[in-house]
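Here is the file model_21.txt (compact mmCIF, C-alpha atoms).
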```txt
# COMPACT_ATOMS: atom_id res chain seq x y z
CA MET A 1 30.87 -15.17 -7.54
CA ASN A 2 27.96 -13.97 -5.40
CA THR A 3 29.36 -10.80 -3.79
CA LYS A 4 27.62 -7.95 -2.01
CA ASN A 5 27.87 -5.68 -5.02
CA ASN A 6 26.34 -7.96 -7.61
CA GLN A 7 22.69 -7.83 -8.55
CA ARG A 8 21.87 -11.41 -7.55
CA TYR A 9 23.24 -10.90 -4.04
CA GLN A 10 21.23 -7.70 -3.64
CA GLU A 11 18.06 -9.32 -5.03
CA THR A 12 18.39 -12.23 -2.58
CA GLU A 13 18.86 -9.77 0.28
CA LYS A 14 15.69 -7.89 -0.71
CA LEU A 15 13.83 -11.19 -1.09
CA ILE A 16 14.81 -12.22 2.44
CA GLN A 17 13.78 -8.83 3.82
CA ASN A 18 10.43 -8.81 2.01
CA THR A 19 9.73 -12.38 3.08
CA LEU A 20 10.38 -11.48 6.70
CA LEU A 21 7.93 -8.58 6.46
CA SER A 22 5.34 -10.76 4.77
CA LEU A 23 5.59 -13.47 7.42
CA ALA A 24 5.50 -10.88 10.22
CA GLN A 25 2.11 -9.67 9.03
CA ASP A 26 0.61 -13.07 9.88
CA LYS A 27 2.50 -14.01 13.05
CA ASP A 28 4.45 -12.54 15.93
CA ILE A 29 7.96 -11.58 14.84
CA HIS A 30 9.45 -13.77 17.57
CA LYS A 31 7.81 -16.80 15.97
CA VAL A 32 9.27 -16.14 12.53
CA THR A 33 12.18 -18.50 11.95
CA VAL A 34 15.04 -18.68 9.49
CA ARG A 35 13.52 -21.94 8.26
CA ALA A 36 10.16 -20.24 7.58
CA ILE A 37 11.85 -17.40 5.70
CA CYS A 38 13.87 -19.84 3.59
CA GLU A 39 10.83 -21.95 2.77
CA ALA A 40 8.67 -18.96 1.85
CA ALA A 41 11.46 -17.35 -0.18
CA HIS A 42 12.46 -20.67 -1.81
CA ILE A 43 16.10 -20.28 -0.84
CA ASN A 44 18.56 -22.47 1.02
CA ARG A 45 19.49 -21.77 4.63
CA SER A 46 23.06 -21.23 3.48
CA SER A 47 21.82 -18.38 1.29
CA PHE A 48 20.17 -16.77 4.31
CA TYR A 49 23.34 -17.16 6.39
CA LEU A 50 25.45 -15.70 3.62
CA HIS A 51 23.54 -12.45 4.22
CA TYR A 52 22.61 -12.50 7.91
CA LEU A 53 23.66 -14.17 11.16
CA ASP A 54 20.06 -14.64 12.34
CA ILE A 55 16.66 -12.88 12.45
CA HIS A 56 17.94 -10.25 14.87
CA ASP A 57 20.84 -9.42 12.56
CA LEU A 58 18.41 -9.17 9.63
CA ILE A 59 16.20 -6.70 11.48
CA TYR A 60 19.16 -4.74 12.80
CA LYS A 61 20.65 -4.37 9.31
CA MET A 62 17.28 -3.40 7.85
CA GLY A 63 17.12 -0.71 10.54
CA LEU A 64 20.55 0.56 9.53
CA GLU A 65 19.39 0.78 5.92
CA MET A 66 16.32 2.74 6.97
CA MET A 67 18.41 5.14 9.06
CA ASN A 68 20.78 5.59 6.11
CA ASP A 69 17.73 6.56 4.03
CA VAL A 70 16.74 9.11 6.70
CA GLY A 71 20.34 10.35 6.73
CA ALA A 72 20.15 10.84 2.96
CA MET A 73 16.96 12.88 3.45
CA MET A 74 18.85 15.02 5.95
CA ARG A 75 21.75 15.59 3.55
CA ARG A 76 19.37 16.53 0.72
CA SER A 77 17.60 19.04 2.96
CA GLY A 78 20.74 21.17 3.09
CA SER A 79 20.82 21.55 6.88
CA ALA A 80 21.20 18.50 9.06
CA ILE A 81 21.08 20.76 12.10
CA ASP A 82 17.57 22.04 11.40
CA PHE A 83 16.25 18.96 9.58
CA PHE A 84 13.74 18.06 12.29
CA LEU A 85 12.51 21.64 12.62
CA VAL A 86 11.38 22.09 9.03
CA PRO A 87 7.81 20.78 8.66
CA ASP A 88 8.36 19.54 5.07
CA ASN A 89 11.38 17.50 6.20
CA MET A 90 9.50 16.01 9.13
CA VAL A 91 6.56 15.17 6.84
CA GLN A 92 8.91 13.48 4.37
CA MET A 93 10.45 11.36 7.13
CA ILE A 94 7.07 10.41 8.60
CA ALA A 95 5.78 9.52 5.12
CA TYR A 96 8.82 7.25 4.78
CA VAL A 97 7.93 5.56 8.09
CA LYS A 98 4.34 5.14 6.88
CA GLU A 99 5.53 3.60 3.61
CA HIS A 100 7.58 1.08 5.64
CA HIS A 101 5.14 0.80 8.55
CA THR A 102 5.31 -3.01 8.73
CA PHE A 103 9.04 -2.90 9.36
CA PHE A 104 8.83 0.06 11.74
CA ASP A 105 6.09 -1.65 13.72
CA ILE A 106 8.44 -4.57 14.35
CA TYR A 107 11.49 -2.41 14.85
CA LEU A 108 10.04 0.14 17.23
CA THR A 109 8.03 -2.39 19.23
CA HIS A 110 10.34 -5.36 19.58
CA TYR A 111 13.76 -3.92 18.85
CA THR A 112 13.70 -0.66 20.78
CA ALA A 113 17.35 -0.97 21.82
CA ALA A 114 18.48 -1.38 18.20
CA ALA A 115 16.12 1.40 17.09
CA GLY A 116 17.51 3.68 19.76
CA GLU A 117 21.07 2.78 18.80
CA ASN A 118 20.44 3.40 15.11
CA PHE A 119 18.46 6.56 15.89
CA SER A 120 21.51 7.74 17.81
CA LEU A 121 23.40 7.82 14.52
CA LEU A 122 21.57 11.12 14.03
CA TRP A 123 23.27 12.47 17.16
CA GLU A 124 26.48 13.69 15.56
CA SER A 125 24.94 14.94 12.34
CA ALA A 126 21.90 16.79 13.65
CA ALA A 127 20.96 16.75 17.33
CA ARG A 128 24.34 17.61 18.82
CA PRO A 129 25.01 20.60 16.51
CA TYR A 130 21.41 21.79 17.03
CA MET A 131 21.80 21.69 20.80
CA GLN A 132 25.14 23.48 20.65
CA LYS A 133 23.59 26.15 18.47
CA HIS A 134 20.39 26.65 20.48
CA TYR A 135 21.37 25.76 24.05
CA GLY A 136 24.79 27.35 24.14
CA SER A 137 27.49 25.89 26.27
CA ILE A 138 25.76 23.04 28.05
CA SER A 139 27.80 20.01 28.99
CA GLU A 140 28.06 16.92 26.80
CA GLU A 141 26.24 14.94 29.50
CA GLU A 142 23.33 17.38 29.59
CA MET A 143 23.06 17.31 25.79
CA TRP A 144 22.78 13.50 25.97
CA TYR A 145 19.92 13.79 28.44
CA HIS A 146 18.07 16.20 26.16
CA PHE A 147 18.66 13.94 23.19
CA SER A 148 17.58 10.83 25.13
CA PHE A 149 14.37 12.58 26.10
CA PHE A 150 13.64 13.61 22.51
CA LYS A 151 14.60 10.19 21.12
CA ALA A 152 12.34 8.30 23.54
CA GLY A 153 9.42 10.63 22.90
CA PHE A 154 9.87 10.56 19.13
CA ILE A 155 10.09 6.76 19.00
CA SER A 156 7.08 6.47 21.31
CA VAL A 157 4.95 8.81 19.17
CA LEU A 158 5.88 6.96 15.97
CA SER A 159 5.12 3.59 17.61
CA GLU A 160 1.74 4.76 18.86
CA TRP A 161 0.88 6.20 15.44
CA ILE A 162 1.79 2.95 13.68
CA HIS A 163 -0.14 0.84 16.23
CA ARG A 164 -3.20 3.00 15.61
CA GLY A 165 -2.94 2.31 11.89
CA CYS A 166 -1.27 5.58 10.80
CA LEU A 167 -4.63 7.34 11.09
CA GLU A 168 -3.25 10.88 11.06
CA THR A 169 -1.61 12.15 7.93
CA PRO A 170 2.15 12.63 7.99
CA GLU A 171 1.43 16.37 7.93
CA LYS A 172 -0.72 16.18 11.06
CA LEU A 173 1.74 13.97 12.93
CA ALA A 174 4.61 16.30 12.00
CA GLU A 175 2.59 19.21 13.39
CA ILE A 176 2.02 17.32 16.65
CA ILE A 177 5.70 16.41 17.01
CA LEU A 178 6.96 19.87 16.10
CA ARG A 179 4.63 21.43 18.64
CA ASN A 180 6.41 19.42 21.32
CA LEU A 181 10.01 20.21 20.37
CA PRO A 182 11.93 22.63 22.56
CA LEU A 183 12.84 25.61 20.43
```
What is this file in structure tokens?
Amino acid sequence: MNTKNNQRYQETEKLIQNTLLSLAQDKDIHKVTVRAICEAAHINRSSFYLHYLDIHDLIYKMGLEMMNDVGAMMRRSGSAIDFFLVPDNMVQMIAYVKEHHTFFDIYLTHYTAAAGENFSLLWESAARPYMQKHYGSISEEEMWYHFSFFKAGFISVLSEWIHRGCLETPEKLAEIILRNLPL
């Protein structure tokens, strides 16, 4: 049986994802259809729908996977609280974005609500404890405003960098971002 844990299921999922990214390089993401993905990937529509509800679900789930990868980077760093403050960690994350720039271009440009929602997964593990540690006893509401400000700025900087063709190195972009963080 074709279940989520077997290799064939996972290979088909990756094929669908890679096909979406390939098609998105040649046309606007809003013009990519399930039919086009199925034809290019040589799969049936039922195979697509076994994995995803639609294109939006596909992109949303890819975003979750990417945020899980970033979460794993945070856990490996040893300190989720200070993950974004350590230049090497920031460089590693930006290099990851650069490696997956085609996806992030779509995600940060056309799916900002989903990106913001998935980015908010970092709230409990890193941003909230950081703010409690460095800002003292500010209210939950005020912490959310600080986080919203950082999240919007961070997403905007990454989007601009990708749109410009990732011209700066991850090291340089990390330096720029870190210079703008409230310490």
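When atom CA of Leu20 of chain A is paired with atom CA of His51 of chain A, their separation reads 13.4 Å.
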With a distance cut-off of 12 Å and only C-alpha atoms, select the neighbouring residues of Tyr49 of chain A, excluding the residue or stretch itself and same-chain residues fewer than 2 positions from it, and output the selection as a PyMOL selection string.
-> chain A and resi 12-13+16+34-35+37-38+43-47+51-55+57-58
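Interatomic distance, atom CA of Ile176 of chain A to atom CA of Ser139 of chain A: 28.7 Å.
With all atoms listed in the file as the basis for measurement, A:Trp161 is the residue among A:Phe84, A:Trp161, A:Tyr9, A:Phe150 that approaches Lys98 of chain A most closely.
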For segment 29-33 of chain A: contacts at 10 Å, all atoms listed in the file, fewer than 6 positions along chain excluded, given as an NGL selection string = :A and (20-21 or 23 or 39 or 54-56 or 106-107 or 110)
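Atom CA of Val91 of chain A to atom CA of Lys172 of chain A spans 8.5 Å [interatomic distance, one decimal].
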Shell of 10 Å around Thr102 of chain A, all atoms listed in the file, local chain residues under 6 positions omitted, as a PDB file with C-alpha atoms, keeping the file's coordinate frame:
```
ATOM      1  CA  LEU A  21       7.930  -8.580   6.460  1.00  0.00           C
ATOM      2  CA  SER A  22       5.340 -10.760   4.770  1.00  0.00           C
ATOM      3  CA  ALA A  24       5.500 -10.880  10.220  1.00  0.00           C
ATOM      4  CA  GLN A  25       2.110  -9.670   9.030  1.00  0.00           C
ATOM      5  CA  ILE A 162       1.790   2.950  13.680  1.00  0.00           C
TER       6      ILE A 162
END
```
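Residues lying at most 9 Å from (11.0, 17.8, 20.3) in file coordinates, with all atoms listed in the file considered, are Phe84, Leu85, Phe149, Phe150, Lys151, Gly153, Phe154, Ile177, Leu178, Arg179, Asn180, Leu181, Pro182 and Leu183 of chain A.
Nearest-residue note for Asp28 of chain A: choosing from A:Met66, A:Thr109, A:Cys166, A:His101, the minimum distance belongs to A:Thr109, counting only C-alpha atoms.
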Name all residues at most 9 Å from Glu171 of chain A (count only C-alpha atoms; drop same-chain ones fewer than 6 positions away) and give them as a ChimeraX atom specification.
-> /A:87-88,90-92,94-95
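Checking A:Tyr96, A:Phe83, A:His163, A:Ala152 one by one against Pro129 of chain A, counting only C-alpha atoms, you find the shortest gap at A:Phe83.
Neighbours of Glu142 of chain A closer than or equal to 10 Å, with all atoms listed in the file counted and sequence neighbours fewer than 5 positions away skipped, come out as A:Met131, A:Phe147, A:Ser148.
Closest approach to Gln10 of chain A among A:Leu50, A:Val97, A:Ala174, A:Met73: A:Leu50, based on all atoms listed in the file.
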Export segment 56-72 of chain A from the structure block above, keeping all heavy atoms, as a CSV table (one decimal), in the first residue's frame.
```
chain,number,residue,atom,x,y,z
A,56,HIS,N,-2.2,25.4,-3.5
A,56,HIS,CA,-2.0,26.2,-2.2
A,56,HIS,C,-1.5,25.2,-1.1
A,56,HIS,O,-0.6,25.6,-0.3
A,56,HIS,CB,-3.2,27.0,-1.8
A,56,HIS,CG,-3.6,27.9,-2.9
A,56,HIS,ND1,-2.9,29.0,-3.2
A,56,HIS,CD2,-4.7,27.9,-3.7
A,56,HIS,CE1,-3.5,29.7,-4.2
A,56,HIS,NE2,-4.6,29.0,-4.5
A,57,ASP,N,-2.2,24.1,-1.0
A,57,ASP,CA,-1.8,23.1,0.0
A,57,ASP,C,-0.4,22.6,-0.2
A,57,ASP,O,0.4,22.4,0.8
A,57,ASP,CB,-2.8,22.0,0.0
A,57,ASP,CG,-2.6,21.0,1.1
A,57,ASP,OD1,-2.5,21.4,2.3
A,57,ASP,OD2,-2.6,19.7,0.8
A,58,LEU,N,0.0,22.4,-1.4
A,58,LEU,CA,1.3,21.9,-1.8
A,58,LEU,C,2.3,23.0,-1.3
A,58,LEU,O,3.3,22.6,-0.6
A,58,LEU,CB,1.4,21.7,-3.3
A,58,LEU,CG,2.8,21.6,-3.9
A,58,LEU,CD1,3.6,20.5,-3.3
A,58,LEU,CD2,2.7,21.4,-5.4
A,59,ILE,N,2.1,24.2,-1.6
A,59,ILE,CA,3.1,25.3,-1.2
A,59,ILE,C,3.1,25.4,0.3
A,59,ILE,O,4.2,25.6,0.9
A,59,ILE,CB,2.7,26.6,-1.9
A,59,ILE,CG1,3.0,26.4,-3.4
A,59,ILE,CG2,3.5,27.7,-1.4
A,59,ILE,CD1,2.5,27.5,-4.3
A,60,TYR,N,1.9,25.4,0.9
A,60,TYR,CA,1.8,25.5,2.4
A,60,TYR,C,2.6,24.4,3.1
A,60,TYR,O,3.4,24.6,4.0
A,60,TYR,CB,0.4,25.5,2.8
A,60,TYR,CG,0.2,25.6,4.3
A,60,TYR,CD1,0.3,26.8,4.9
A,60,TYR,CD2,0.0,24.5,5.1
A,60,TYR,CE1,0.2,27.0,6.3
A,60,TYR,CE2,-0.1,24.6,6.5
A,60,TYR,CZ,0.0,25.8,7.1
A,60,TYR,OH,-0.2,25.9,8.4
A,61,LYS,N,2.5,23.2,2.6
A,61,LYS,CA,3.1,22.0,3.2
A,61,LYS,C,4.7,22.1,2.9
A,61,LYS,O,5.5,21.7,3.8
A,61,LYS,CB,2.5,20.7,2.7
A,61,LYS,CG,1.2,20.5,3.4
A,61,LYS,CD,0.5,19.2,2.9
A,61,LYS,CE,-0.8,19.0,3.6
A,61,LYS,NZ,-1.6,17.9,3.1
A,62,MET,N,5.0,22.5,1.8
A,62,MET,CA,6.5,22.7,1.5
A,62,MET,C,7.0,23.7,2.5
A,62,MET,O,8.1,23.6,3.0
A,62,MET,CB,6.7,23.1,0.0
A,62,MET,CG,6.5,22.0,-1.0
A,62,MET,SD,6.6,22.6,-2.7
A,62,MET,CE,8.4,22.9,-2.8
A,63,GLY,N,6.3,24.8,2.7
A,63,GLY,CA,6.7,25.8,3.7
A,63,GLY,C,6.9,25.2,5.1
A,63,GLY,O,7.9,25.5,5.8
A,64,LEU,N,6.0,24.4,5.5
A,64,LEU,CA,6.1,23.7,6.8
A,64,LEU,C,7.4,22.9,6.9
A,64,LEU,O,8.1,22.9,7.9
A,64,LEU,CB,4.9,22.8,7.1
A,64,LEU,CG,3.6,23.5,7.5
A,64,LEU,CD1,2.5,22.5,7.7
A,64,LEU,CD2,3.8,24.2,8.9
A,65,GLU,N,7.6,22.1,5.8
A,65,GLU,CA,8.9,21.3,5.7
A,65,GLU,C,10.1,22.2,5.9
A,65,GLU,O,11.0,21.9,6.6
A,65,GLU,CB,9.0,20.6,4.4
A,65,GLU,CG,8.1,19.4,4.3
A,65,GLU,CD,8.3,18.7,3.0
A,65,GLU,OE1,9.4,18.7,2.4
A,65,GLU,OE2,7.3,18.1,2.5
A,66,MET,N,10.1,23.4,5.2
A,66,MET,CA,11.2,24.3,5.2
A,66,MET,C,11.4,24.8,6.7
A,66,MET,O,12.5,24.9,7.2
A,66,MET,CB,11.1,25.4,4.3
A,66,MET,CG,11.0,25.0,2.8
A,66,MET,SD,12.5,24.5,2.1
A,66,MET,CE,12.0,24.1,0.5
A,67,MET,N,10.3,25.2,7.3
A,67,MET,CA,10.4,25.7,8.7
A,67,MET,C,10.8,24.6,9.6
A,67,MET,O,11.5,24.9,10.6
A,67,MET,CB,9.0,26.3,9.1
A,67,MET,CG,8.7,27.6,8.3
A,67,MET,SD,10.0,28.8,8.2
A,67,MET,CE,10.2,29.3,9.9
A,68,ASN,N,10.4,23.4,9.4
A,68,ASN,CA,10.9,22.3,10.2
A,68,ASN,C,12.4,22.1,10.1
A,68,ASN,O,13.1,21.8,11.0
A,68,ASN,CB,10.2,21.0,9.8
A,68,ASN,CG,8.8,20.9,10.4
A,68,ASN,OD1,8.5,21.6,11.3
A,68,ASN,ND2,8.0,20.1,9.7
A,69,ASP,N,12.9,22.3,8.8
A,69,ASP,CA,14.4,22.3,8.6
A,69,ASP,C,15.1,23.4,9.4
A,69,ASP,O,16.1,23.2,10.0
A,69,ASP,CB,14.7,22.4,7.1
A,69,ASP,CG,14.4,21.2,6.3
A,69,ASP,OD1,14.0,20.1,6.9
A,69,ASP,OD2,14.4,21.3,5.1
A,70,VAL,N,14.5,24.6,9.4
A,70,VAL,CA,15.0,25.7,10.2
A,70,VAL,C,15.0,25.4,11.7
A,70,VAL,O,15.9,25.7,12.4
A,70,VAL,CB,14.3,27.1,9.8
A,70,VAL,CG1,14.7,28.2,10.8
A,70,VAL,CG2,14.6,27.5,8.4
A,71,GLY,N,13.9,24.8,12.1
A,71,GLY,CA,13.7,24.4,13.5
A,71,GLY,C,14.8,23.4,13.9
A,71,GLY,O,15.4,23.5,15.0
A,72,ALA,N,15.1,22.5,13.0
A,72,ALA,CA,16.2,21.5,13.3
A,72,ALA,C,17.6,22.2,13.4
A,72,ALA,O,18.4,21.9,14.2
A,72,ALA,CB,16.3,20.5,12.2
```
